[in-house]
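Okay, my_file15.pdb is below, PDB, C-alpha atoms, pLDDT in the B column:
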```
ATOM      1  CA  MET A   1      -0.006-172.986 -95.137  1.00 46.00           C
ATOM      2  CA  PRO A   2      -0.684-172.744 -91.402  1.00 54.00           C
ATOM      3  CA  GLN A   3      -4.103-173.597 -90.098  1.00 84.00           C
ATOM      4  CA  ILE A   4      -6.034-170.530 -88.894  1.00 94.00           C
ATOM      5  CA  ILE A   5      -9.086-170.489 -86.638  1.00 96.00           C
ATOM      6  CA  THR A   6     -11.278-167.688 -85.344  1.00 95.00           C
ATOM      7  CA  TYR A   7     -11.446-167.420 -81.562  1.00 95.00           C
ATOM      8  CA  GLY A   8     -13.397-164.479 -80.199  1.00 94.00           C
ATOM      9  CA  ASN A   9     -12.108-161.365 -81.954  1.00 95.00           C
ATOM     10  CA  GLU A  10      -8.762-162.967 -82.838  1.00 97.00           C
ATOM     11  CA  LEU A  11      -7.332-165.257 -85.450  1.00 98.00           C
ATOM     12  CA  ILE A  12      -5.122-167.998 -84.014  1.00 98.00           C
ATOM     13  CA  ARG A  13      -2.754-170.197 -86.003  1.00 97.00           C
ATOM     14  CA  ILE A  14      -0.035-172.784 -85.773  1.00 97.00           C
ATOM     15  CA  ASN A  15       3.173-171.534 -87.344  1.00 95.00           C
ATOM     16  CA  PRO A  16       4.706-174.779 -88.671  1.00 92.00           C
ATOM     17  CA  ALA A  17       8.113-173.165 -89.264  1.00 94.00           C
ATOM     18  CA  ASN A  18       8.749-172.807 -85.511  1.00 96.00           C
ATOM     19  CA  ASN A  19       5.779-174.678 -83.931  1.00 96.00           C
ATOM     20  CA  HIS A  20       4.537-171.491 -82.240  1.00 97.00           C
ATOM     21  CA  ILE A  21       0.934-170.552 -81.565  1.00 98.00           C
ATOM     22  CA  GLU A  22       0.404-167.068 -82.982  1.00 98.00           C
ATOM     23  CA  TYR A  23      -2.492-164.631 -82.896  1.00 98.00           C
ATOM     24  CA  SER A  24      -3.704-161.668 -84.896  1.00 98.00           C
ATOM     25  CA  THR A  25      -6.089-158.897 -83.952  1.00 98.00           C
ATOM     26  CA  SER A  26      -5.692-157.266 -87.373  1.00 98.00           C
ATOM     27  CA  GLN A  27      -7.517-159.900 -89.468  1.00 96.00           C
ATOM     28  CA  GLY A  28      -4.227-161.592 -90.299  1.00 96.00           C
ATOM     29  CA  ARG A  29      -2.234-158.555 -91.438  1.00 97.00           C
ATOM     30  CA  SER A  30       0.240-159.027 -88.569  1.00 97.00           C
ATOM     31  CA  TRP A  31       0.926-161.900 -86.178  1.00 97.00           C
ATOM     32  CA  SER A  32       2.351-162.104 -82.660  1.00 98.00           C
ATOM     33  CA  CYS A  33       3.640-165.122 -80.769  1.00 98.00           C
ATOM     34  CA  ARG A  34       1.388-166.340 -77.974  1.00 98.00           C
ATOM     35  CA  TYR A  35       3.029-169.683 -77.125  1.00 98.00           C
ATOM     36  CA  SER A  36       6.497-170.963 -77.964  1.00 97.00           C
ATOM     37  CA  GLY A  37       6.947-173.860 -75.545  1.00 94.00           C
ATOM     38  CA  SER A  38       7.932-177.361 -76.573  1.00 93.00           C
ATOM     39  CA  SER A  39       6.283-179.525 -73.880  1.00 94.00           C
ATOM     40  CA  CYS A  40       3.247-180.294 -76.080  1.00 96.00           C
ATOM     41  CA  GLY A  41       5.304-181.551 -78.989  1.00 95.00           C
ATOM     42  CA  LYS A  42       4.490-180.534 -82.550  1.00 96.00           C
ATOM     43  CA  PHE A  43       1.083-178.880 -82.990  1.00 97.00           C
ATOM     44  CA  VAL A  44      -0.986-180.510 -85.737  1.00 96.00           C
ATOM     45  CA  ASP A  45      -4.509-179.041 -85.487  1.00 97.00           C
ATOM     46  CA  LEU A  46      -6.456-176.443 -83.471  1.00 97.00           C
ATOM     47  CA  LEU A  47     -10.127-176.287 -82.555  1.00 97.00           C
ATOM     48  CA  ALA A  48     -12.144-173.668 -80.682  1.00 96.00           C
ATOM     49  CA  TYR A  49     -14.301-175.802 -78.368  1.00 95.00           C
ATOM     50  CA  GLY A  50     -16.543-174.011 -75.901  1.00 92.00           C
ATOM     51  CA  ASN A  51     -14.396-171.836 -73.649  1.00 94.00           C
ATOM     52  CA  GLU A  52     -11.221-173.710 -74.581  1.00 96.00           C
ATOM     53  CA  LEU A  53      -8.818-174.170 -77.404  1.00 97.00           C
ATOM     54  CA  LEU A  54      -8.027-177.796 -78.142  1.00 97.00           C
ATOM     55  CA  ALA A  55      -4.900-178.874 -79.947  1.00 97.00           C
ATOM     56  CA  ALA A  56      -4.004-182.144 -81.578  1.00 97.00           C
ATOM     57  CA  THR A  57      -0.267-182.599 -81.159  1.00 96.00           C
ATOM     58  CA  GLU A  58       2.233-185.343 -81.771  1.00 95.00           C
ATOM     59  CA  LYS A  59       1.897-186.167 -78.048  1.00 96.00           C
ATOM     60  CA  GLY A  60      -1.936-186.245 -77.886  1.00 97.00           C
ATOM     61  CA  ILE A  61      -4.694-183.779 -77.064  1.00 98.00           C
ATOM     62  CA  TYR A  62      -3.876-180.577 -75.188  1.00 98.00           C
ATOM     63  CA  TYR A  63      -6.172-177.770 -74.057  1.00 98.00           C
ATOM     64  CA  SER A  64      -5.868-174.098 -73.215  1.00 98.00           C
ATOM     65  CA  SER A  65      -8.303-171.949 -71.282  1.00 97.00           C
ATOM     66  CA  SER A  66      -6.010-168.913 -71.661  1.00 97.00           C
ATOM     67  CA  GLN A  67      -6.399-168.233 -75.413  1.00 96.00           C
ATOM     68  CA  GLY A  68      -3.361-170.403 -76.128  1.00 97.00           C
ATOM     69  CA  ARG A  69      -0.944-168.759 -73.668  1.00 97.00           C
ATOM     70  CA  SER A  70      -0.474-172.046 -71.784  1.00 97.00           C
ATOM     71  CA  TRP A  71      -1.376-175.653 -72.574  1.00 98.00           C
ATOM     72  CA  SER A  72      -2.196-178.680 -70.415  1.00 97.00           C
ATOM     73  CA  SER A  73      -2.432-182.326 -71.326  1.00 97.00           C
ATOM     74  CA  ARG A  74      -5.938-183.745 -71.725  1.00 98.00           C
ATOM     75  CA  TYR A  75      -5.232-187.118 -73.394  1.00 98.00           C
ATOM     76  CA  THR A  76      -1.871-188.703 -74.138  1.00 95.00           C
ATOM     77  CA  GLY A  77      -2.825-192.346 -74.645  1.00 92.00           C
ATOM     78  CA  SER A  78      -1.438-194.165 -77.664  1.00 91.00           C
ATOM     79  CA  SER A  79      -4.330-196.539 -78.433  1.00 93.00           C
ATOM     80  CA  CYS A  80      -5.961-194.044 -80.848  1.00 95.00           C
ATOM     81  CA  GLY A  81      -2.848-193.580 -82.964  1.00 95.00           C
ATOM     82  CA  ASP A  82      -1.602-190.161 -84.019  1.00 96.00           C
ATOM     83  CA  PHE A  83      -4.186-187.375 -83.901  1.00 96.00           C
ATOM     84  CA  GLN A  84      -4.457-185.509 -87.201  1.00 96.00           C
ATOM     85  CA  VAL A  85      -7.709-183.483 -87.260  1.00 96.00           C
ATOM     86  CA  LEU A  86     -10.165-182.356 -84.573  1.00 97.00           C
ATOM     87  CA  GLN A  87     -13.769-181.379 -85.271  1.00 96.00           C
ATOM     88  CA  ASP A  88     -16.722-180.291 -83.168  1.00 96.00           C
ATOM     89  CA  GLY A  89     -19.445-182.834 -83.892  1.00 95.00           C
ATOM     90  CA  GLY A  90     -22.114-181.103 -81.812  1.00 94.00           C
ATOM     91  CA  LYS A  91     -22.693-183.547 -78.950  1.00 94.00           C
ATOM     92  CA  GLU A  92     -19.264-185.103 -79.373  1.00 96.00           C
ATOM     93  CA  LEU A  93     -15.716-184.262 -80.316  1.00 97.00           C
ATOM     94  CA  LEU A  94     -14.429-186.050 -83.412  1.00 97.00           C
ATOM     95  CA  ALA A  95     -10.829-186.893 -84.227  1.00 97.00           C
ATOM     96  CA  MET A  96      -9.317-188.365 -87.341  1.00 96.00           C
ATOM     97  CA  THR A  97      -6.244-190.331 -86.347  1.00 96.00           C
ATOM     98  CA  SER A  98      -3.744-192.630 -88.006  1.00 96.00           C
ATOM     99  CA  LYS A  99      -5.976-195.519 -86.860  1.00 96.00           C
ATOM    100  CA  GLY A 100      -9.332-194.137 -88.055  1.00 96.00           C
ATOM    101  CA  LEU A 101     -12.174-192.006 -86.717  1.00 96.00           C
ATOM    102  CA  TYR A 102     -12.575-191.625 -82.958  1.00 97.00           C
ATOM    103  CA  TYR A 103     -15.128-189.736 -80.890  1.00 97.00           C
ATOM    104  CA  SER A 104     -15.225-188.324 -77.373  1.00 98.00           C
ATOM    105  CA  THR A 105     -18.195-187.282 -75.243  1.00 97.00           C
ATOM    106  CA  SER A 106     -15.862-186.080 -72.464  1.00 97.00           C
ATOM    107  CA  SER A 107     -14.222-183.065 -74.164  1.00 96.00           C
ATOM    108  CA  GLY A 108     -11.320-185.250 -75.260  1.00 97.00           C
ATOM    109  CA  ARG A 109     -10.536-186.944 -71.926  1.00 97.00           C
ATOM    110  CA  SER A 110     -11.356-190.391 -73.349  1.00 97.00           C
ATOM    111  CA  TRP A 111     -11.867-191.679 -76.890  1.00 97.00           C
ATOM    112  CA  SER A 112     -13.839-194.468 -78.561  1.00 97.00           C
ATOM    113  CA  PHE A 113     -13.289-195.955 -81.987  1.00 96.00           C
ATOM    114  CA  ARG A 114     -15.942-195.193 -84.610  1.00 92.00           C
ATOM    115  CA  HIS A 115     -14.540-196.641 -87.885  1.00 77.00           C
ATOM    116  CA  ARG A 116     -11.665-196.622 -90.367  1.00 65.00           C
TER     117      ARG A 116
END
```

Take the structure in the file and write it out as structure tokens.
Amino acid sequence: MPQIITYGNELIRINPANNHIEYSTSQGRSWSCRYSGSSCGKFVDLLAYGNELLAATEKGIYYSSSQGRSWSSRYTGSSCGDFQVLQDGGKELLAMTSKGLYYSTSSGRSWSFRHR
């Protein structure tokens, strides 16, 4: 089942069948494609974070300030392992990765290890 988040008055999801970012303005009754590019790699997780959407992908952390229409790289280092889940921790961004729990106080630009 694709992950779905609420962003403003829309629902936004990753469609794992084609790796597209889709949106719905009808509470999920119908979906439209918003992003179908491949430069980010496979989308794994989405998070509404302030005025941005953040995405954990197989290539790292990407962000969008256009409701998911376009994506830019924020962090593509490999020292954290593979990003799996993003969460807003209040004063910090949290990420579960293949190497454990990491946190960022820079909106995902840099990451520090917390624990396994």

task = To verify the selection step, state as a VMD selection string which residues the PyMOL selection byres ((chain A and resi 64) around 10) yields on this input.
result = chain A and resid 48 51 to 55 62 to 63 65 to 74

task = Grab the atom CA of A:Leu86 to atom CA of A:Asn15 distance for me, in Å with one decimal place.
result =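 That distance, rounded to one decimal, is 17.4 Å.
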
Residue IDs satisfying the PyMOL selection byres ((chain A and resi 5-14) around 12), as JSON, numbers by chain = {"A": [1, 2, 3, 4, 15, 16, 17, 18, 19, 20, 21, 22, 23, 24, 25, 26, 27, 28, 29, 30, 31, 32, 33, 34, 35, 36, 42, 43, 44, 45, 46, 47, 48, 49, 50, 51, 52, 53, 54, 55, 56, 57, 65, 66, 67, 68, 69, 87]}

Neighbours of stretch 91-100 of chain A within 8 Å (only C-alpha atoms; same-chain residues fewer than 6 positions away dropped), as a PDB file with C-alpha atoms, in the frame of the given file?
```pdb
ATOM      1  CA  CYS A  80      -5.961-194.044 -80.848  1.00 95.00           C
ATOM      2  CA  GLY A  81      -2.848-193.580 -82.964  1.00 95.00           C
ATOM      3  CA  ASP A  82      -1.602-190.161 -84.019  1.00 96.00           C
ATOM      4  CA  PHE A  83      -4.186-187.375 -83.901  1.00 96.00           C
ATOM      5  CA  GLN A  84      -4.457-185.509 -87.201  1.00 96.00           C
ATOM      6  CA  VAL A  85      -7.709-183.483 -87.260  1.00 96.00           C
ATOM      7  CA  SER A 106     -15.862-186.080 -72.464  1.00 97.00           C
ATOM      8  CA  SER A 107     -14.222-183.065 -74.164  1.00 96.00           C
ATOM      9  CA  GLY A 108     -11.320-185.250 -75.260  1.00 97.00           C
ATOM     10  CA  PHE A 113     -13.289-195.955 -81.987  1.00 96.00           C
ATOM     11  CA  ARG A 114     -15.942-195.193 -84.610  1.00 92.00           C
ATOM     12  CA  HIS A 115     -14.540-196.641 -87.885  1.00 77.00           C
ATOM     13  CA  ARG A 116     -11.665-196.622 -90.367  1.00 65.00           C
TER      14      ARG A 116
END
```

ask   = Any idea what the distance is between atom CA of A:Ser38 and atom CA of A:Gly77?
value =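 Here the two named atoms are 18.5 Å from each other.
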
Point-to-point distance from atom CA of A:Gly41 to atom CA of A:Tyr75, Å rounded to tenths =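 So the answer is 13.2 Å.
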
Using only the atoms of stretch 70-87 of chain A listed in the file, plus 8 Å on each side, state the axis-aligned box centre and edge lengths in Å rounded to one decimal, as JSON.
```
{"center_x": -7.1, "center_y": -184.3, "center_z": -78.8, "size_x": 29.3, "size_y": 40.5, "size_z": 32.8}
```

inquiry  = Please determine, counting all atoms listed in the file, which residue among A:Thr105, A:Thr76, A:Ser39, A:Ser110 has the shortest atom-to-atom distance to A:Gly89.
reply    =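 Using all atoms listed in the file, A:Gly89 sits closest to A:Thr105.
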
key: Test item: the PyMOL selection byres ((chain A and resi 112) around 6) resolved as a list in words   = Tyr102, Tyr103, Trp111 and Phe113 of chain A

The selected residues should be written to file as a PDB file, keeping the file's coordinate frame (atoms: C-alpha atoms).
```pdb
ATOM      1  CA  TYR A 102     -12.575-191.625 -82.958  1.00 97.00           C
ATOM      2  CA  TYR A 103     -15.128-189.736 -80.890  1.00 97.00           C
ATOM      3  CA  TRP A 111     -11.867-191.679 -76.890  1.00 97.00           C
ATOM      4  CA  PHE A 113     -13.289-195.955 -81.987  1.00 96.00           C
TER       5      PHE A 113
END
```
